[in-house]
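Trainee: One file: coords-v4.cif (mmCIF, C-alpha atoms).
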data_query
loop_
_atom_site.label_atom_id
_atom_site.label_comp_id
_atom_site.auth_asym_id
_atom_site.auth_seq_id
_atom_site.Cartn_x
_atom_site.Cartn_y
_atom_site.Cartn_z
CA MET G 1 16.59 6.77 10.32
CA GLU G 2 15.04 10.23 10.59
CA GLY G 3 17.09 11.54 7.66
CA GLN G 4 16.08 8.54 5.58
CA ILE G 5 12.39 9.12 6.29
CA ARG G 6 12.77 12.78 5.31
CA VAL G 7 14.20 11.76 1.94
CA LEU G 8 11.43 9.22 1.42
CA SER G 9 8.71 11.65 2.43
CA ARG G 10 9.31 13.87 -0.59
CA ARG G 11 8.61 10.93 -2.89
CA ASN G 12 6.25 8.86 -0.79
CA GLY G 13 4.07 11.53 0.79
CA PRO G 14 3.86 13.60 3.96
CA VAL G 15 5.48 12.27 7.13
CA ASP G 16 2.34 13.19 9.08
CA ALA G 17 -0.07 11.41 6.72
CA GLU G 18 -3.07 9.78 8.36
CA ILE G 19 -3.39 7.28 5.52
CA MET G 20 -0.61 4.91 4.45
CA LEU G 21 -0.91 2.77 1.33
CA VAL G 22 1.31 -0.31 1.14
CA GLY G 23 1.86 -1.91 -2.25
CA GLU G 24 3.82 -5.00 -3.25
CA ALA G 25 7.15 -3.77 -4.64
CA PRO G 26 8.45 -1.15 -7.07
CA GLY G 27 7.47 -2.00 -10.63
CA ARG G 28 10.05 -1.91 -13.41
CA LEU G 29 7.96 0.52 -15.51
CA GLY G 30 6.98 2.78 -12.62
CA ALA G 31 8.83 3.24 -9.34
CA GLY G 32 11.74 1.16 -10.61
CA GLN G 33 12.49 4.03 -13.00
CA SER G 34 11.15 7.08 -11.17
CA GLY G 35 11.77 6.16 -7.52
CA VAL G 36 8.19 7.27 -6.78
CA PRO G 37 5.81 4.49 -5.72
CA PHE G 38 2.97 3.88 -8.18
CA SER G 39 4.05 6.44 -10.75
CA GLY G 40 4.67 6.33 -14.47
CA ASP G 41 2.72 3.14 -15.16
CA GLU G 42 -0.83 1.79 -15.34
CA SER G 43 -0.85 0.78 -11.67
CA GLY G 44 0.01 4.38 -10.74
CA ARG G 45 -2.75 5.80 -12.93
CA ARG G 46 -5.25 3.40 -11.40
CA LEU G 47 -4.05 4.18 -7.86
CA ASP G 48 -4.57 7.90 -8.48
CA GLN G 49 -8.19 7.13 -9.47
CA LEU G 50 -8.70 4.98 -6.36
CA VAL G 51 -7.28 7.65 -4.04
CA ALA G 52 -9.51 10.27 -5.69
CA ALA G 53 -12.54 7.98 -5.25
CA ALA G 54 -11.81 8.04 -1.51
CA GLY G 55 -11.93 11.85 -1.64
CA LEU G 56 -8.18 12.21 -1.13
CA SER G 57 -5.24 13.40 -3.17
CA ARG G 58 -1.89 11.73 -3.56
CA SER G 59 -0.31 14.61 -1.62
CA GLU G 60 -2.31 13.59 1.47
CA VAL G 61 -1.26 9.93 1.67
CA PHE G 62 2.03 8.17 2.32
CA ILE G 63 2.75 5.41 -0.19
CA THR G 64 5.29 2.65 0.29
CA ASN G 65 5.79 -1.02 -0.54
CA ALA G 66 6.10 -4.26 1.39
CA VAL G 67 9.38 -4.85 -0.45
CA LEU G 68 11.64 -1.97 -1.41
CA CYS G 69 13.74 -3.78 -4.02
CA ASN G 70 12.54 -4.22 -7.59
CA PRO G 71 12.14 -8.01 -7.95
CA LEU G 72 12.61 -9.09 -11.56
CA ASP G 73 12.65 -12.51 -13.21
CA ASP G 74 15.41 -13.78 -15.51
CA ARG G 75 13.76 -12.02 -18.46
CA GLY G 76 13.65 -8.63 -16.70
CA ARG G 77 9.91 -8.71 -15.92
CA ASN G 78 8.30 -8.00 -12.56
CA ARG G 79 7.92 -11.05 -10.36
CA PRO G 80 6.35 -11.51 -6.93
CA PRO G 81 8.77 -10.86 -4.06
CA ARG G 82 10.35 -13.93 -2.52
CA GLN G 83 9.85 -14.78 1.14
CA ALA G 84 13.44 -13.73 1.93
CA GLU G 85 12.87 -10.32 0.29
CA MET G 86 9.72 -9.81 2.35
CA THR G 87 11.59 -10.84 5.51
CA ASN G 88 14.47 -8.47 4.73
CA CYS G 89 12.12 -5.50 4.22
CA ARG G 90 9.63 -6.20 7.01
CA THR G 91 11.61 -4.28 9.65
CA TRP G 92 11.93 -1.27 7.33
CA LEU G 93 8.17 -1.36 6.67
CA GLU G 94 7.44 -1.59 10.40
CA GLU G 95 9.72 1.38 11.08
CA GLN G 96 7.99 3.44 8.39
CA ILE G 97 4.61 2.66 9.96
CA ASP G 98 5.91 3.63 13.41
CA VAL G 99 7.40 6.93 12.17
CA ILE G 100 4.47 7.97 9.96
CA ASN G 101 1.98 6.70 12.58
CA PRO G 102 -1.03 6.71 10.25
CA THR G 103 -4.59 6.24 11.45
CA LEU G 104 -5.26 3.81 8.60
CA VAL G 105 -2.98 1.44 6.70
CA ILE G 106 -4.40 0.15 3.41
CA ALA G 107 -2.77 -3.00 2.05
CA LEU G 108 -2.82 -2.96 -1.75
CA GLY G 109 -2.86 -6.64 -2.63
CA ALA G 110 -2.04 -10.00 -1.08
CA VAL G 111 1.74 -9.52 -0.83
CA ALA G 112 1.37 -6.31 1.18
CA LEU G 113 -1.32 -7.87 3.35
CA ARG G 114 0.90 -10.90 4.08
CA ASN G 115 3.87 -8.75 5.06
CA LEU G 116 1.68 -6.62 7.34
CA ASP G 117 0.46 -9.85 8.97
CA ARG G 118 4.10 -10.54 9.90
CA ILE G 119 4.16 -7.25 11.84
CA GLU G 120 0.93 -8.06 13.68
CA GLN G 121 -1.47 -10.84 12.79
CA HIS G 122 -4.79 -9.63 11.42
CA GLY G 123 -6.57 -12.56 9.74
CA ARG G 124 -7.59 -10.52 6.69
CA VAL G 125 -7.53 -11.61 3.06
CA VAL G 126 -7.76 -9.35 0.03
CA LYS G 127 -11.32 -10.44 -0.77
CA ASP G 128 -12.24 -8.59 2.47
CA SER G 129 -11.62 -5.38 0.50
CA ALA G 130 -15.22 -4.23 0.81
CA SER G 131 -15.12 -4.70 4.61
CA GLU G 132 -14.69 -2.03 7.24
CA PRO G 133 -11.15 -1.40 8.49
CA ILE G 134 -10.21 -3.43 11.57
CA PRO G 135 -8.08 -2.50 14.58
CA TRP G 136 -4.47 -3.47 13.91
CA TYR G 137 -1.08 -2.56 15.42
CA GLY G 138 -2.42 0.44 17.34
CA ARG G 139 -4.21 1.82 14.27
CA TYR G 140 -6.59 0.45 11.61
CA LEU G 141 -6.02 -1.84 8.65
CA ALA G 142 -8.00 -2.19 5.44
CA ALA G 143 -7.47 -4.69 2.62
CA ALA G 144 -7.76 -3.63 -1.02
CA TYR G 145 -6.90 -5.16 -4.36
CA HIS G 146 -3.65 -4.08 -5.97
CA PRO G 147 -4.35 -1.34 -8.56
CA GLY G 148 -2.60 -3.30 -11.32
CA ALA G 149 -4.71 -4.35 -14.30
CA ARG G 150 -4.38 -8.07 -13.45
CA ALA G 151 -6.33 -7.56 -10.21
CA ALA G 152 -9.42 -6.74 -12.28
CA ILE G 153 -9.61 -10.47 -13.06
CA HIS G 154 -10.60 -10.99 -9.42
CA ARG G 155 -12.38 -7.69 -8.74
CA PRO G 156 -13.46 -5.42 -11.60
CA PHE G 157 -12.02 -1.92 -11.40
CA PRO G 158 -15.45 -0.24 -10.93
CA ASP G 159 -15.91 -2.42 -7.81
CA GLN G 160 -12.46 -1.38 -6.61
CA LEU G 161 -13.49 2.26 -7.04
CA ASP G 162 -16.59 1.54 -4.91
CA ASP G 163 -14.36 -0.05 -2.25
CA PHE G 164 -12.32 3.16 -2.07
CA ARG G 165 -15.46 5.31 -1.97
CA ARG G 166 -16.54 3.32 1.09
CA LEU G 167 -13.07 3.70 2.59
CA GLY G 168 -13.35 7.43 1.98
CA GLY G 169 -16.53 7.50 4.06
CA TRP G 170 -14.77 5.62 6.86
CA ILE G 171 -11.80 8.01 6.64
CA ARG G 172 -14.01 11.10 6.88
CA ALA G 173 -15.80 9.62 9.92
CA ASN G 174 -12.62 8.50 11.71
CA SER G 175 -9.88 11.04 10.93
CA ARG G 176 -9.28 14.75 10.47
CA TYR G 177 -10.22 14.68 6.76
#
Translate this file's structure into structure tokens.
Mentor:
Amino acid sequence: MEGQIRVLSRRNGPVDAEIMLVGEAPGRLGAGQSGVPFSGDESGRRLDQLVAAAGLSRSEVFITNAVLCNPLDDRGRNRPPRQAEMTNCRTWLEEQIDVINPTLVIALGAVALRNLDRIEQHGRVVKDSASEPIPWYGRYLAAAYHPGARAAIHRPFPDQLDDFRRLGGWIRANSRY
């Protein structure tokens, strides 16, 4: 396990990160090609803007996904992870959280939030994204919209940037940043 985390840490972020971001799954145009979560696609570019709005850099956060496989439909397009895929990856996600031991876990979208609820129930929904982080699993949990362009249908990107600015204030008040 320790060796696996070391390999992941080079691509996902520092092993001692206080902030962990949990997305849905690797995307075919981003992490599916590069092996780096939220890189090489529009979701990655948007995530970089959100992290910067919080006053952080990508090198300060650990980024992973609720599902580590790249779920594709019959036509080779991204699809939401199936329940079995989330179940299969939940233990791995829980182990990553335990090893990294972040102060704050930020769920990026409903899939991530649902899989985190399977580790410890929290009662949050993504529309709580503008809310303060809540105590969860010996640390704190915040909900945020996924940085993909489709999420802007439900929450415009400027509002998502404001959500991360507020999270940045919480982070500065509650961590070593």
Trainee: Looking at G:Arg165, G:His154, G:Arg114, G:Arg11, which one is nearest to Gly23 (chain G), with distances taken over all atoms listed in the file?
Mentor: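 For Gly23 (chain G), the nearest of the given residues is G:Arg114.
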Trainee: Please evaluate the PyMOL selection byres ((chain G and resi 145) around 9) against the structure above and give the resulting residues as a list of chain:residue names.
Mentor: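 Those residues are G:Ala107, G:Leu108, G:Gly109, G:Ala110, G:Val126, G:Lys127, G:Ser129, G:Ala143, G:Ala144, G:His146, G:Pro147, G:Gly148, G:Ala151, G:Ala152, G:His154, G:Arg155, G:Gln160.
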Trainee: Kindly indicate which residue among G:Glu42, G:Ala142, G:Leu47, G:Asn65 lies nearest to Val105 (chain G), using all atoms listed in the file for the distances.
Mentor: G:Ala142
Trainee: Once the PyMOL selection byres ((chain G and resi 90) around 8) is applied to the coordinates I shared, what remains selected? I want it as an NGL selection string.
Mentor: :G and (66-67 or 86-89 or 91-94 or 115-116 or 118-119)
Trainee: When the PyMOL selection byres ((chain G and resi 49) around 12) is applied to the file above, which residues end up in the set, as a list of chain:residue names?
Mentor: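 Checking the PyMOL selection byres ((chain G and resi 49) around 12) against this file, the residues are G:Phe38, G:Glu42, G:Ser43, G:Gly44, G:Arg45, G:Arg46, G:Leu47, G:Asp48, G:Leu50, G:Val51, G:Ala52, G:Ala53, G:Ala54, G:Gly55, G:Leu56, G:Ser57, G:Arg58, G:Pro147, G:Gly148, G:Phe157, G:Pro158, G:Gln160, G:Leu161, G:Asp162, G:Asp163, G:Phe164, G:Arg165.
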Trainee: Emit the selected residues as a compact mmCIF listing (two decimals), in the coordinates of the input, including C-alpha atoms.
Mentor:
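Result file follows (part15.txt):
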# COMPACT_ATOMS: atom_id res chain seq x y z
CA PHE G 38 2.97 3.88 -8.18
CA GLU G 42 -0.83 1.79 -15.34
CA SER G 43 -0.85 0.78 -11.67
CA GLY G 44 0.01 4.38 -10.74
CA ARG G 45 -2.75 5.80 -12.93
CA ARG G 46 -5.25 3.40 -11.40
CA LEU G 47 -4.05 4.18 -7.86
CA ASP G 48 -4.57 7.90 -8.48
CA LEU G 50 -8.70 4.98 -6.36
CA VAL G 51 -7.28 7.65 -4.04
CA ALA G 52 -9.51 10.27 -5.69
CA ALA G 53 -12.54 7.98 -5.25
CA ALA G 54 -11.81 8.04 -1.51
CA GLY G 55 -11.93 11.85 -1.64
CA LEU G 56 -8.18 12.21 -1.13
CA SER G 57 -5.24 13.40 -3.17
CA ARG G 58 -1.89 11.73 -3.56
CA PRO G 147 -4.35 -1.34 -8.56
CA GLY G 148 -2.60 -3.30 -11.32
CA PHE G 157 -12.02 -1.92 -11.40
CA PRO G 158 -15.45 -0.24 -10.93
CA GLN G 160 -12.46 -1.38 -6.61
CA LEU G 161 -13.49 2.26 -7.04
CA ASP G 162 -16.59 1.54 -4.91
CA ASP G 163 -14.36 -0.05 -2.25
CA PHE G 164 -12.32 3.16 -2.07
CA ARG G 165 -15.46 5.31 -1.97
Trainee: Would you mind reading off the distance between CA of His122 (chain G) and CA of Arg172 (chain G), one decimal, in Å?
Mentor: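 Straight-line distance from CA of His122 (chain G) to CA of Arg172 (chain G) works out to 23.1 Å.
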Trainee: If you count all atoms listed in the file, which residues fall within 10 Å of Gly13 (chain G), apart from same-chain ones fewer than 4 positions away, as number ranges by chain?
Mentor: G: 6, 8-9, 17, 19-20, 36-37, 58-64, 100
Trainee: Mind pulling up the distance from CA of Ala173 (chain G) to CA of Asp117 (chain G)?
Mentor: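 Atom-to-atom, CA of Asp117 (chain G) and CA of Ala173 (chain G) are spaced 25.4 Å apart.
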Trainee: Using only C-alpha atoms, find the one residue out of G:Val99, G:Val15, G:Leu68, G:Ala130 that sits nearest to Trp170 (chain G).
Mentor: G:Ala130
Trainee: What gap, in Å, lies between CA of Gly168 (chain G) and CA of Glu18 (chain G)?
Mentor: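 Computed distance, CA of Gly168 (chain G) to CA of Glu18 (chain G), equals 12.3 Å.
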